[in-house]
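The next block is start-v9.pdb, given as PDB, C-alpha atoms.
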ATOM      1  CA  MET A1181       9.192 -22.933  26.446
ATOM      2  CA  ARG A1182      12.093 -23.670  28.804
ATOM      3  CA  LYS A1183      12.082 -21.966  32.203
ATOM      4  CA  ASP A1184      15.427 -20.229  31.621
ATOM      5  CA  THR A1185      14.196 -18.925  28.254
ATOM      6  CA  GLN A1186      11.084 -17.504  29.923
ATOM      7  CA  SER A1187      13.242 -15.855  32.561
ATOM      8  CA  ASP A1188      15.511 -14.315  29.920
ATOM      9  CA  SER A1189      12.492 -13.026  27.993
ATOM     10  CA  GLN A1190      11.033 -11.439  31.106
ATOM     11  CA  THR A1191      14.354  -9.782  31.884
ATOM     12  CA  ILE A1192      14.598  -8.361  28.372
ATOM     13  CA  TRP A1193      11.010  -7.103  28.542
ATOM     14  CA  ASP A1194      11.590  -5.489  31.953
ATOM     15  CA  GLN A1195      14.724  -3.761  30.646
ATOM     16  CA  THR A1196      12.871  -2.551  27.571
ATOM     17  CA  CYS A1197      10.049  -1.119  29.668
ATOM     18  CA  ALA A1198      12.565   0.628  31.893
ATOM     19  CA  ARG A1199      14.190   2.268  28.856
ATOM     20  CA  LEU A1200      10.779   3.264  27.504
ATOM     21  CA  GLY A1201       9.951   4.957  30.796
ATOM     22  CA  GLN A1202      13.039   7.145  30.414
ATOM     23  CA  GLN A1203      11.964   8.432  26.985
ATOM     24  CA  GLN A1204       9.980  11.591  26.356
ATOM     25  CA  TRP A1205       6.214  11.069  26.495
ATOM     26  CA  PRO A1206       4.702  14.553  26.213
ATOM     27  CA  SER A1207       1.396  15.369  27.829
ATOM     28  CA  PRO A1208      -0.931  16.535  26.454
ATOM     29  CA  ALA A1209      -0.309  14.833  23.106
ATOM     30  CA  LEU A1210      -2.024  12.766  20.442
ATOM     31  CA  TYR A1211      -0.274   9.405  19.986
ATOM     32  CA  VAL A1212      -0.984   7.854  16.573
ATOM     33  CA  VAL A1213      -0.350   4.156  17.109
ATOM     34  CA  ALA A1214      -0.001   1.479  14.434
ATOM     35  CA  THR A1215      -1.576  -1.861  15.348
ATOM     36  CA  PRO A1216      -1.021  -5.388  13.976
ATOM     37  CA  ILE A1217      -2.455  -6.123  10.529
ATOM     38  CA  GLY A1218      -3.284  -9.725  11.416
ATOM     39  CA  ASN A1219      -0.713 -11.242  13.729
ATOM     40  CA  LEU A1220      -1.082  -9.933  17.282
ATOM     41  CA  ALA A1221       2.641 -10.467  17.852
ATOM     42  CA  ASP A1222       3.450  -7.646  15.409
ATOM     43  CA  PHE A1223       3.107  -5.071  18.160
ATOM     44  CA  THR A1224       6.014  -2.869  19.195
ATOM     45  CA  PRO A1225       7.076  -2.174  22.800
ATOM     46  CA  ARG A1226       6.592   1.571  22.203
ATOM     47  CA  ALA A1227       3.028   0.988  21.008
ATOM     48  CA  TRP A1228       2.366  -1.163  24.092
ATOM     49  CA  TYR A1229       3.742   1.517  26.391
ATOM     50  CA  ALA A1230       1.772   4.312  24.704
ATOM     51  CA  LEU A1231      -1.533   2.464  24.963
ATOM     52  CA  LYS A1232      -0.877   1.342  28.521
ATOM     53  CA  HIS A1233      -0.198   4.896  29.690
ATOM     54  CA  ALA A1234      -2.805   6.708  27.598
ATOM     55  CA  ASP A1235      -5.647   8.405  29.410
ATOM     56  CA  VAL A1236      -7.995   7.264  26.661
ATOM     57  CA  VAL A1237      -7.731   5.207  23.459
ATOM     58  CA  ALA A1238      -9.712   6.459  20.458
ATOM     59  CA  ALA A1239     -10.470   3.350  18.395
ATOM     60  CA  GLU A1240     -12.039   2.748  14.994
ATOM     61  CA  ASP A1241     -13.862  -0.301  16.430
ATOM     62  CA  THR A1242     -13.735  -0.626  20.194
ATOM     63  CA  ARG A1243     -14.483  -4.359  20.027
ATOM     64  CA  ALA A1244     -11.520  -5.086  17.745
ATOM     65  CA  THR A1245      -9.224  -2.905  19.828
ATOM     66  CA  ARG A1246     -10.377  -4.587  23.030
ATOM     67  CA  VAL A1247      -9.117  -7.920  21.649
ATOM     68  CA  LEU A1248      -5.673  -6.384  21.135
ATOM     69  CA  LEU A1249      -5.634  -4.732  24.541
ATOM     70  CA  ASP A1250      -6.696  -7.932  26.302
ATOM     71  CA  ALA A1251      -4.021  -9.935  24.472
ATOM     72  CA  TRP A1252      -1.362  -7.519  25.737
ATOM     73  CA  GLN A1253      -2.939  -7.089  29.204
ATOM     74  CA  ILE A1254      -3.623  -3.399  28.758
ATOM     75  CA  GLN A1255      -6.377  -1.711  30.758
ATOM     76  CA  ALA A1256      -7.594   1.393  28.951
ATOM     77  CA  ASP A1257     -10.680   3.518  28.528
ATOM     78  CA  LEU A1258     -12.004   3.366  24.966
ATOM     79  CA  ILE A1259     -13.982   5.800  22.858
ATOM     80  CA  SER A1260     -15.192   5.197  19.316
ATOM     81  CA  VAL A1261     -13.748   7.265  16.448
ATOM     82  CA  HIS A1262     -14.672   5.876  13.048
ATOM     83  CA  ARG A1263     -15.224   7.076   9.512
ATOM     84  CA  HIS A1264     -18.797   8.223  10.150
ATOM     85  CA  ASN A1265     -18.255  10.221  13.344
ATOM     86  CA  GLU A1266     -14.640  11.373  13.056
ATOM     87  CA  ARG A1267     -15.421  14.987  12.130
ATOM     88  CA  GLU A1268     -17.634  15.369  15.203
ATOM     89  CA  ARG A1269     -15.584  13.274  17.610
ATOM     90  CA  TYR A1270     -12.390  15.284  17.262
ATOM     91  CA  VAL A1271     -14.068  18.055  19.307
ATOM     92  CA  ASP A1272     -14.180  15.661  22.269
ATOM     93  CA  ILE A1273     -10.554  14.704  21.663
ATOM     94  CA  LEU A1274      -9.467  18.364  21.578
ATOM     95  CA  GLU A1275     -11.248  18.915  24.906
ATOM     96  CA  ARG A1276      -9.357  15.974  26.388
ATOM     97  CA  LEU A1277      -6.062  17.334  25.077
ATOM     98  CA  ALA A1278      -6.930  20.754  26.509
ATOM     99  CA  SER A1279      -7.316  19.130  29.928
ATOM    100  CA  GLY A1280      -3.789  17.697  29.665
ATOM    101  CA  GLN A1281      -4.568  14.121  28.640
ATOM    102  CA  ARG A1282      -2.578  11.718  26.506
ATOM    103  CA  VAL A1283      -4.891  10.441  23.767
ATOM    104  CA  ALA A1284      -3.941   7.363  21.722
ATOM    105  CA  LEU A1285      -5.487   6.975  18.264
ATOM    106  CA  VAL A1286      -5.714   3.508  16.679
ATOM    107  CA  SER A1287      -7.483   1.830  13.768
ATOM    108  CA  ASP A1288      -8.565  -1.790  13.525
ATOM    109  CA  ALA A1289      -5.347  -2.787  11.750
ATOM    110  CA  GLY A1290      -2.360  -0.832  10.522
ATOM    111  CA  ALA A1291      -1.868   2.916  10.745
ATOM    112  CA  PRO A1292      -4.588   5.502  11.429
ATOM    113  CA  GLY A1293      -4.920   7.965   8.566
ATOM    114  CA  VAL A1294      -3.493   5.542   5.990
ATOM    115  CA  SER A1295      -6.593   4.228   4.192
ATOM    116  CA  ASP A1296      -8.172   4.239   7.670
ATOM    117  CA  PRO A1297      -9.954   6.892   9.745
ATOM    118  CA  GLY A1298      -7.834   9.300  11.738
ATOM    119  CA  GLY A1299      -6.703  11.994   9.337
ATOM    120  CA  HIS A1300      -9.247  14.589  10.492
ATOM    121  CA  VAL A1301      -8.383  14.024  14.156
ATOM    122  CA  ILE A1302      -4.658  14.341  13.428
ATOM    123  CA  GLN A1303      -5.136  17.563  11.448
ATOM    124  CA  ALA A1304      -7.334  19.049  14.159
ATOM    125  CA  ALA A1305      -4.804  18.264  16.904
ATOM    126  CA  ARG A1306      -1.960  19.783  14.912
ATOM    127  CA  ALA A1307      -3.999  22.872  14.038
ATOM    128  CA  ALA A1308      -4.740  23.360  17.739
ATOM    129  CA  GLY A1309      -1.027  23.222  18.520
ATOM    130  CA  TYR A1310      -0.828  19.872  20.284
ATOM    131  CA  PRO A1311       2.067  17.451  19.705
ATOM    132  CA  VAL A1312       1.303  14.532  17.401
ATOM    133  CA  VAL A1313       3.541  11.528  18.039
ATOM    134  CA  ALA A1314       3.624   8.701  15.480
ATOM    135  CA  LEU A1315       4.412   5.180  16.659
ATOM    136  CA  PRO A1316       5.011   3.166  13.462
ATOM    137  CA  GLY A1317       4.481  -0.554  13.149
ATOM    138  CA  ALA A1318       2.994  -3.186  10.889
ATOM    139  CA  SER A1319       2.009  -2.058   7.382
ATOM    140  CA  SER A1320       0.458  -4.162   4.629
ATOM    141  CA  VAL A1321       1.908  -1.749   2.048
ATOM    142  CA  ILE A1322       5.477  -2.143   3.286
ATOM    143  CA  ALA A1323       5.008  -5.885   3.858
ATOM    144  CA  THR A1324       3.912  -6.296   0.225
ATOM    145  CA  LEU A1325       6.886  -4.311  -1.079
ATOM    146  CA  MET A1326       9.183  -6.454   1.060
ATOM    147  CA  THR A1327       7.570  -9.627  -0.289
ATOM    148  CA  PHE A1328       8.000  -8.860  -3.995
ATOM    149  CA  GLY A1329      11.196  -6.767  -4.061
ATOM    150  CA  THR A1330      10.226  -4.521  -6.976
ATOM    151  CA  THR A1331      11.672  -1.288  -5.544
ATOM    152  CA  THR A1332      15.215  -1.710  -6.858
ATOM    153  CA  ASP A1333      17.904   0.847  -7.715
ATOM    154  CA  ASP A1334      16.500   0.980 -11.263
ATOM    155  CA  HIS A1335      12.923   1.512 -10.026
ATOM    156  CA  PRO A1336      13.187   2.868  -6.463
ATOM    157  CA  GLY A1337       9.861   4.667  -6.240
ATOM    158  CA  PHE A1338       6.372   3.465  -5.393
ATOM    159  CA  VAL A1339       2.925   5.048  -5.205
ATOM    160  CA  PHE A1340       0.191   3.928  -2.828
ATOM    161  CA  LEU A1341      -3.260   4.381  -4.364
ATOM    162  CA  GLY A1342      -5.301   3.247  -1.363
ATOM    163  CA  PHE A1343      -8.616   1.573  -2.129
ATOM    164  CA  LEU A1344      -9.464   1.797  -5.814
ATOM    165  CA  PRO A1345     -12.908   3.125  -6.857
ATOM    166  CA  ALA A1346     -15.733   0.607  -6.741
ATOM    167  CA  LYS A1347     -17.001   1.270 -10.269
ATOM    168  CA  SER A1348     -15.026   0.025 -13.261
ATOM    169  CA  GLY A1349     -15.070   3.290 -15.212
ATOM    170  CA  ALA A1350     -13.762   5.343 -12.318
ATOM    171  CA  ARG A1351     -11.229   2.650 -11.478
ATOM    172  CA  ARG A1352      -9.807   2.592 -15.010
ATOM    173  CA  LYS A1353      -9.595   6.378 -14.986
ATOM    174  CA  VAL A1354      -7.485   6.327 -11.819
ATOM    175  CA  LEU A1355      -5.248   3.556 -13.138
ATOM    176  CA  ALA A1356      -4.760   5.305 -16.482
ATOM    177  CA  ARG A1357      -3.269   8.315 -14.695
ATOM    178  CA  TRP A1358      -0.419   6.081 -13.580
ATOM    179  CA  ALA A1359       0.006   4.095 -16.781
ATOM    180  CA  ASP A1360       3.319   5.809 -17.587
ATOM    181  CA  TYR A1361       4.697   5.698 -14.052
ATOM    182  CA  ASP A1362       8.149   4.093 -13.938
ATOM    183  CA  GLY A1363       7.820   2.543 -10.510
ATOM    184  CA  THR A1364       5.712   0.222  -8.377
ATOM    185  CA  LEU A1365       2.013   0.814  -7.766
ATOM    186  CA  ILE A1366       0.242  -0.488  -4.642
ATOM    187  CA  ALA A1367      -3.520  -0.618  -4.096
ATOM    188  CA  PHE A1368      -6.077  -2.258  -1.840
ATOM    189  CA  GLU A1369      -9.090  -4.156  -3.182
ATOM    190  CA  ALA A1370     -12.087  -5.831  -1.624
ATOM    191  CA  PRO A1371     -12.639  -9.554  -2.289
ATOM    192  CA  HIS A1372     -15.985  -9.079  -4.060
ATOM    193  CA  ARG A1373     -14.362  -6.701  -6.594
ATOM    194  CA  ILE A1374     -11.028  -8.409  -7.117
ATOM    195  CA  GLN A1375     -11.974 -10.178 -10.368
ATOM    196  CA  SER A1376     -13.314  -7.063 -12.074
ATOM    197  CA  CYS A1377     -10.376  -5.047 -10.768
ATOM    198  CA  LEU A1378      -7.882  -7.477 -12.305
ATOM    199  CA  GLN A1379      -9.733  -7.194 -15.606
ATOM    200  CA  ASP A1380      -9.353  -3.408 -15.487
ATOM    201  CA  LEU A1381      -5.665  -3.722 -14.617
ATOM    202  CA  GLN A1382      -5.179  -5.987 -17.618
ATOM    203  CA  THR A1383      -6.974  -3.511 -19.878
ATOM    204  CA  VAL A1384      -4.872  -0.567 -18.713
ATOM    205  CA  PHE A1385      -1.451  -2.193 -18.278
ATOM    206  CA  GLY A1386      -1.570  -5.084 -20.743
ATOM    207  CA  ASP A1387      -1.412  -8.868 -20.549
ATOM    208  CA  GLU A1388       2.287  -9.156 -19.759
ATOM    209  CA  ARG A1389       2.649  -6.688 -16.886
ATOM    210  CA  GLN A1390       3.541  -8.463 -13.663
ATOM    211  CA  VAL A1391       1.065  -8.210 -10.789
ATOM    212  CA  GLY A1392       1.663  -9.252  -7.215
ATOM    213  CA  LEU A1393      -1.285 -10.441  -5.128
ATOM    214  CA  ALA A1394      -1.112 -10.621  -1.350
ATOM    215  CA  ARG A1395      -3.862 -11.796   0.989
ATOM    216  CA  GLU A1396      -4.119 -12.690   4.674
ATOM    217  CA  LEU A1397      -0.744 -11.034   5.307
ATOM    218  CA  THR A1398       0.954 -12.089   8.575
ATOM    219  CA  LYS A1399      -1.849 -14.577   9.283
ATOM    220  CA  ARG A1400      -1.846 -18.369   9.274
ATOM    221  CA  PHE A1401      -3.091 -18.666   5.688
ATOM    222  CA  GLU A1402      -0.989 -15.868   4.209
ATOM    223  CA  GLU A1403      -0.632 -16.202   0.448
ATOM    224  CA  THR A1404       1.371 -14.183  -2.070
ATOM    225  CA  ALA A1405       1.974 -14.703  -5.776
ATOM    226  CA  MET A1406       3.456 -12.811  -8.724
ATOM    227  CA  MET A1407       2.385 -13.451 -12.321
ATOM    228  CA  PRO A1408       1.476 -11.762 -15.625
ATOM    229  CA  LEU A1409      -1.891 -10.041 -15.473
ATOM    230  CA  ARG A1410      -3.258 -12.425 -18.091
ATOM    231  CA  ASP A1411      -2.974 -15.282 -15.548
ATOM    232  CA  ALA A1412      -4.186 -13.496 -12.420
ATOM    233  CA  ARG A1413      -7.937 -14.147 -12.661
ATOM    234  CA  GLN A1414      -7.370 -17.821 -13.336
ATOM    235  CA  TRP A1415      -5.072 -17.990 -10.312
ATOM    236  CA  LEU A1416      -7.922 -16.661  -8.186
ATOM    237  CA  GLU A1417     -10.334 -19.247  -9.546
ATOM    238  CA  ASP A1418      -7.863 -22.084  -8.928
ATOM    239  CA  GLY A1419      -7.827 -21.458  -5.182
ATOM    240  CA  ARG A1420     -10.901 -22.396  -3.176
ATOM    241  CA  HIS A1421     -10.598 -19.547  -0.674
ATOM    242  CA  ARG A1422      -8.758 -16.969  -2.738
ATOM    243  CA  ASN A1423     -11.769 -14.715  -3.163
ATOM    244  CA  GLN A1424     -11.851 -14.161   0.590
ATOM    245  CA  GLY A1425     -10.073 -11.477   2.565
ATOM    246  CA  GLU A1426      -8.837  -8.061   1.549
ATOM    247  CA  PHE A1427      -6.164  -7.970  -1.175
ATOM    248  CA  VAL A1428      -3.065  -5.882  -1.581
ATOM    249  CA  LEU A1429      -2.248  -5.506  -5.284
ATOM    250  CA  LEU A1430       1.197  -4.616  -6.588
ATOM    251  CA  ILE A1431       1.795  -3.536 -10.191
ATOM    252  CA  ALA A1432       5.454  -4.068 -10.959
ATOM    253  CA  PRO A1433       7.489  -1.653 -13.088
ATOM    254  CA  GLN A1434       8.100  -2.505 -16.698
ATOM    255  CA  ALA A1435      10.601  -5.375 -16.814
ATOM    256  CA  ALA A1436      14.021  -4.134 -17.907
ATOM    257  CA  GLN A1437      14.549  -7.122 -20.181
ATOM    258  CA  ALA A1438      11.380  -6.306 -22.113
ATOM    259  CA  SER A1439      13.037  -3.272 -23.673
ATOM    260  CA  GLU A1440      16.027  -5.317 -24.750
ATOM    261  CA  ALA A1441      13.832  -7.866 -26.510
ATOM    262  CA  ALA A1442      11.442  -5.386 -28.072
ATOM    263  CA  GLU A1443      13.618  -4.631 -31.128
ATOM    264  CA  THR A1444      13.635  -8.281 -32.156
ATOM    265  CA  VAL A1445       9.929  -8.753 -31.501
ATOM    266  CA  LEU A1446       8.801  -5.800 -33.608
ATOM    267  CA  GLN A1447      10.240  -5.323 -37.064
ATOM    268  CA  LEU A1448       8.442  -2.416 -38.727
ATOM    269  CA  ASP A1449       8.888  -1.544 -42.373
ATOM    270  CA  ALA A1450       9.398   2.040 -43.507
ATOM    271  CA  GLY A1451       5.703   2.637 -44.105
ATOM    272  CA  SER A1452       4.707   1.390 -40.670
ATOM    273  CA  THR A1453       7.421   3.472 -39.058
ATOM    274  CA  ARG A1454       6.082   6.593 -40.786
ATOM    275  CA  TRP A1455       2.532   6.113 -39.495
ATOM    276  CA  VAL A1456       3.851   5.427 -36.021
ATOM    277  CA  ASN A1457       5.796   8.703 -36.169
ATOM    278  CA  ALA A1458       2.670  10.516 -37.321
ATOM    279  CA  LEU A1459       0.714   8.875 -34.505
ATOM    280  CA  LEU A1460       3.201  10.056 -31.896
ATOM    281  CA  GLU A1461       2.687  13.634 -33.025
ATOM    282  CA  ARG A1462      -0.961  13.398 -32.020
ATOM    283  CA  VAL A1463      -1.161  11.084 -28.998
ATOM    284  CA  SER A1464       0.900  10.075 -25.979
ATOM    285  CA  THR A1465       3.372   7.203 -26.036
ATOM    286  CA  ARG A1466       0.986   5.103 -23.951
ATOM    287  CA  ASP A1467      -1.940   5.696 -26.345
ATOM    288  CA  ALA A1468       0.307   5.055 -29.328
ATOM    289  CA  ALA A1469       1.309   1.713 -27.811
ATOM    290  CA  ARG A1470      -2.341   0.795 -27.342
ATOM    291  CA  ILE A1471      -3.181   1.598 -30.971
ATOM    292  CA  MET A1472      -0.084  -0.227 -32.248
ATOM    293  CA  ALA A1473      -1.034  -3.295 -30.202
ATOM    294  CA  GLN A1474      -4.479  -3.379 -31.821
ATOM    295  CA  VAL A1475      -3.189  -2.849 -35.374
ATOM    296  CA  LEU A1476      -0.163  -5.163 -35.165
ATOM    297  CA  GLU A1477      -1.815  -7.735 -32.874
ATOM    298  CA  GLN A1478       1.046  -7.477 -30.412
ATOM    299  CA  SER A1479       1.247  -7.077 -26.643
ATOM    300  CA  ARG A1480       0.705  -3.496 -25.506
ATOM    301  CA  ASP A1481       3.733  -3.756 -23.216
ATOM    302  CA  VAL A1482       5.956  -4.896 -26.101
ATOM    303  CA  CYS A1483       4.780  -1.991 -28.273
ATOM    304  CA  TYR A1484       5.329   0.462 -25.441
ATOM    305  CA  ASP A1485       8.853  -0.843 -24.811
ATOM    306  CA  TRP A1486       9.629  -0.663 -28.523
ATOM    307  CA  LEU A1487       8.596   2.992 -28.578
ATOM    308  CA  LEU A1488      10.694   3.759 -25.516
ATOM    309  CA  THR A1489      13.721   1.952 -26.926
ATOM    310  CA  ARG A1490      13.370   3.802 -30.219
ATOM    311  CA  SER A1491      12.988   7.139 -28.417
ATOM    312  CA  LYS A1492      16.152   6.518 -26.408
ATOM    313  CA  GLY A1493      17.971   5.635 -29.598
ATOM    314  CA  ARG A1494      16.967   8.923 -31.246
ATOM    315  CA  ASP A1495      17.982  10.892 -28.150
ATOM    316  CA  ALA A1496      21.393   9.200 -28.098
ATOM    317  CA  GLY A1497      21.867  10.003 -31.771
ATOM    318  CA  HIS A1498      21.386  13.703 -31.060
ATOM    319  CA  ASP A1499      23.978  13.802 -28.258
ATOM    320  CA  THR A1500      27.118  15.800 -28.978
ATOM    321  CA  ASP A1501      30.481  15.981 -27.199
TER     322      ASP A1501
END
Target encoding structure tokens, full file:
Amino acid sequence: MRKDTQSDSQTIWDQTCARLGQQQWPSPALYVVATPIGNLADFTPRAWYALKHADVVAAEDTRATRVLLDAWQIQADLISVHRHNERERYVDILERLASGQRVALVSDAGAPGVSDPGGHVIQAARAAGYPVVALPGASSVIATLMTFGTTTDDHPGFVFLGFLPAKSGARRKVLARWADYDGTLIAFEAPHRIQSCLQDLQTVFGDERQVGLARELTKRFEETAMMPLRDARQWLEDGRHRNQGEFVLLIAPQAAQASEAAETVLQLDAGSTRWVNALLERVSTRDAARIMAQVLEQSRDVCYDWLLTRSKGRDAGHDTD
């Protein structure tokens, strides 16, 4: 790096720190600080300032947090607050807050309380009347949404499911609750369960539904891909190291063009239409699509879109001026 560039960077950093010092930093307070999800450079100036001036840093893993602190030249006292001791440890944190301290809460990567420990500490601090200050930062959920662009004006919503259940039956049950959701679904999955999870996704959502897979986000070997669920397990097998590292899974909304093509794909005679109508009187649209797919040997997504298109057509026919 050129000397003048280094000088400019130092000037900008000094000015930023000066502005941060003029902001409100209440004491006592619990500061909930997001940390990088892989790349140590994804660390905000506010997070740096909060950790540097905290009386103590409550960390999920003190060893992992020490690496971050050393990289950013932060000297701080550390205490351990993880999933197995959080309910007991928040008593110590409340005592520190009662003595007027600033306590910073961090997880190994990302945001405390979001699929990471921290929620019980945050609730306890709020219940005791202490300020809770969030310092947002890197997020694998938001990074995945940014990567695949599925939250459009037509499908603006998304639901974060966290880590899916380890057992297939429980996992399918959770996924089935969201089978009719008209938005994006996001979930985390461990590498040793990713194959079986993709099989369950395919069973619930059908072969054609688009799935986004993201691994090693913000790191050197970051990899993302979008494909129909029918191809996802093969994609994993084709990559030597793809079964390593935690995955973020994205289930895209139903493709808009699928509804437009559904009428030409499915041509039901009068008799078939009657039994479909009778079926809809007894089961949900999603279950009807599953049964139709089995009987007609068609994609479940195509059957579902055909039912939706037909339903919209009937509703339009009943509209009056």
For Gly1290 in chain A, which of A:Leu1220, A:Ala1473, A:Leu1446, A:Leu1277 is the closest residue, counting all atoms listed in the file?
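For Gly1290 in chain A, the nearest of the candidates is A:Leu1220.
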Chain and number of each residue from the PyMOL selection byres ((chain A and resi 1460) around 12), as a compact mmCIF listing (two decimals) with C-alpha atoms, in the frame of the given file:
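Output below, filename result_4.txt:
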# COMPACT_ATOMS: atom_id res chain seq x y z
CA THR A 1453 7.42 3.47 -39.06
CA ARG A 1454 6.08 6.59 -40.79
CA TRP A 1455 2.53 6.11 -39.49
CA VAL A 1456 3.85 5.43 -36.02
CA ASN A 1457 5.80 8.70 -36.17
CA ALA A 1458 2.67 10.52 -37.32
CA LEU A 1459 0.71 8.88 -34.51
CA GLU A 1461 2.69 13.63 -33.02
CA ARG A 1462 -0.96 13.40 -32.02
CA VAL A 1463 -1.16 11.08 -29.00
CA SER A 1464 0.90 10.07 -25.98
CA THR A 1465 3.37 7.20 -26.04
CA ARG A 1466 0.99 5.10 -23.95
CA ASP A 1467 -1.94 5.70 -26.34
CA ALA A 1468 0.31 5.06 -29.33
CA ALA A 1469 1.31 1.71 -27.81
CA ARG A 1470 -2.34 0.80 -27.34
CA ILE A 1471 -3.18 1.60 -30.97
CA MET A 1472 -0.08 -0.23 -32.25
CA TYR A 1484 5.33 0.46 -25.44
CA LEU A 1487 8.60 2.99 -28.58
CA LEU A 1488 10.69 3.76 -25.52
CA SER A 1491 12.99 7.14 -28.42
Computed interatomic separation between CA of Cys1197 in chain A and CA of Tyr1310 in chain A (Å):
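Going from CA of Cys1197 in chain A over to CA of Tyr1310 in chain A, I get 25.4 Å.
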What would the selection look like, as number ranges by chain, if the PyMOL selection byres ((chain A and resi 1367-1379) around 10) were run on the coordinates I just shared?
A: 1295, 1320-1321, 1339-1348, 1351-1352, 1365-1366, 1380-1384, 1386-1387, 1391, 1394-1395, 1409-1414, 1416-1417, 1422-1431
Which distance in Å separates CA of Val1212 in chain A and CA of Ile1302 in chain A, to one decimal?
8.1 Å
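With the shown file loaded, the PyMOL selection byres ((chain A and resi 1241) around 8) picks out Ala1239, Glu1240, Thr1242, Arg1243, Ala1244, Thr1245, Ser1260, Val1261, His1262, Ser1287 and Asp1288 of chain A.
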Atomic distance CA of Leu1325 in chain A - CA of His1300 in chain A, expressed in Å with one decimal
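Computing the Euclidean distance for CA of Leu1325 in chain A and CA of His1300 in chain A yields 27.4 Å.
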Counting all atoms listed in the file, which residue out of A:Val1354, A:Ala1284, A:Val1482, A:Ala1405 sits closest to Glu1388 in chain A?
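Going through A:Val1354, A:Ala1284, A:Val1482, A:Ala1405 one by one, the smallest distance to Glu1388 in chain A is for A:Val1482.
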Which residue, A:Gly1392, A:Gly1299, A:Gly1451, A:Pro1208, has the smallest gap to Glu1275 in chain A when you use all atoms listed in the file?
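Smallest distance to Glu1275 in chain A is found for A:Pro1208.
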Counting all atoms listed in the file, figure out which residue out of A:Ile1259, A:Leu1200, A:Leu1210, A:Trp1228 gets nearest to Gly1309 in chain A.
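Residue with the minimum atom-to-atom distance to Gly1309 in chain A: A:Leu1210.
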Hey, which of A:Ala1432, A:Ala1291, A:Leu1448, A:Cys1483 ends up closest to Asp1362 in chain A? Count only C-alpha atoms.
A:Ala1432
Name all residues at most 12 Å from Pro1216 in chain A (count all atoms listed in the file; drop same-chain ones fewer than 2 positions away) and give them as a PyMOL selection string.
chain A and resi 1213-1214+1218-1224+1227-1228+1244-1245+1247-1249+1251-1252+1286-1292+1316-1320+1323+1397-1399
Could you tell me which of A:Pro1206, A:Gly1201, A:Gly1419, A:Pro1408 comes closest to Gln1281 in chain A if we count only C-alpha atoms?
A:Pro1206
Contacts of Gln1303 in chain A at 12 Å or less, counting all atoms listed in the file, minus same-chain residues fewer than 6 places along, as an NGL selection string?
:A and (1210 or 1212 or 1266-1267 or 1270-1271 or 1273-1274 or 1293 or 1297 or 1309-1312)
With the input short on atoms, add N, CA and C atoms back to range 1304-1315 of chain A and write it as a PDB file, keeping the file's coordinate frame.
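Below you can see out07.pdb, which holds the result:
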ATOM      1  N   ALA A1304      -6.756  18.169  13.151  1.00  0.00           N
ATOM      2  CA  ALA A1304      -7.334  19.049  14.159  1.00  0.00           C
ATOM      3  C   ALA A1304      -6.383  19.244  15.334  1.00  0.00           C
ATOM      4  N   ALA A1305      -5.739  18.174  15.781  1.00  0.00           N
ATOM      5  CA  ALA A1305      -4.804  18.264  16.904  1.00  0.00           C
ATOM      6  C   ALA A1305      -3.611  19.148  16.547  1.00  0.00           C
ATOM      7  N   ARG A1306      -3.100  18.971  15.333  1.00  0.00           N
ATOM      8  CA  ARG A1306      -1.960  19.783  14.912  1.00  0.00           C
ATOM      9  C   ARG A1306      -2.354  21.251  14.778  1.00  0.00           C
ATOM     10  N   ALA A1307      -3.536  21.496  14.205  1.00  0.00           N
ATOM     11  CA  ALA A1307      -3.999  22.872  14.038  1.00  0.00           C
ATOM     12  C   ALA A1307      -4.180  23.574  15.380  1.00  0.00           C
ATOM     13  N   ALA A1308      -4.547  22.793  16.400  1.00  0.00           N
ATOM     14  CA  ALA A1308      -4.740  23.360  17.739  1.00  0.00           C
ATOM     15  C   ALA A1308      -3.424  23.500  18.498  1.00  0.00           C
ATOM     16  N   GLY A1309      -2.339  23.043  17.919  1.00  0.00           N
ATOM     17  CA  GLY A1309      -1.027  23.222  18.520  1.00  0.00           C
ATOM     18  C   GLY A1309      -0.554  22.117  19.428  1.00  0.00           C
ATOM     19  N   TYR A1310      -1.232  20.976  19.413  1.00  0.00           N
ATOM     20  CA  TYR A1310      -0.828  19.872  20.284  1.00  0.00           C
ATOM     21  C   TYR A1310       0.191  18.969  19.573  1.00  0.00           C
ATOM     22  N   PRO A1311       1.122  18.382  20.318  1.00  0.00           N
ATOM     23  CA  PRO A1311       2.067  17.451  19.705  1.00  0.00           C
ATOM     24  C   PRO A1311       1.349  16.218  19.150  1.00  0.00           C
ATOM     25  N   VAL A1312       1.788  15.782  17.989  1.00  0.00           N
ATOM     26  CA  VAL A1312       1.303  14.532  17.401  1.00  0.00           C
ATOM     27  C   VAL A1312       2.502  13.597  17.292  1.00  0.00           C
ATOM     28  N   VAL A1313       2.419  12.466  17.966  1.00  0.00           N
ATOM     29  CA  VAL A1313       3.541  11.528  18.039  1.00  0.00           C
ATOM     30  C   VAL A1313       3.156  10.254  17.297  1.00  0.00           C
ATOM     31  N   ALA A1314       3.889   9.915  16.253  1.00  0.00           N
ATOM     32  CA  ALA A1314       3.624   8.701  15.480  1.00  0.00           C
ATOM     33  C   ALA A1314       4.422   7.538  16.038  1.00  0.00           C
ATOM     34  N   LEU A1315       3.749   6.417  16.235  1.00  0.00           N
ATOM     35  CA  LEU A1315       4.412   5.180  16.659  1.00  0.00           C
ATOM     36  C   LEU A1315       4.210   4.156  15.548  1.00  0.00           C
TER      37      LEU A1315
END
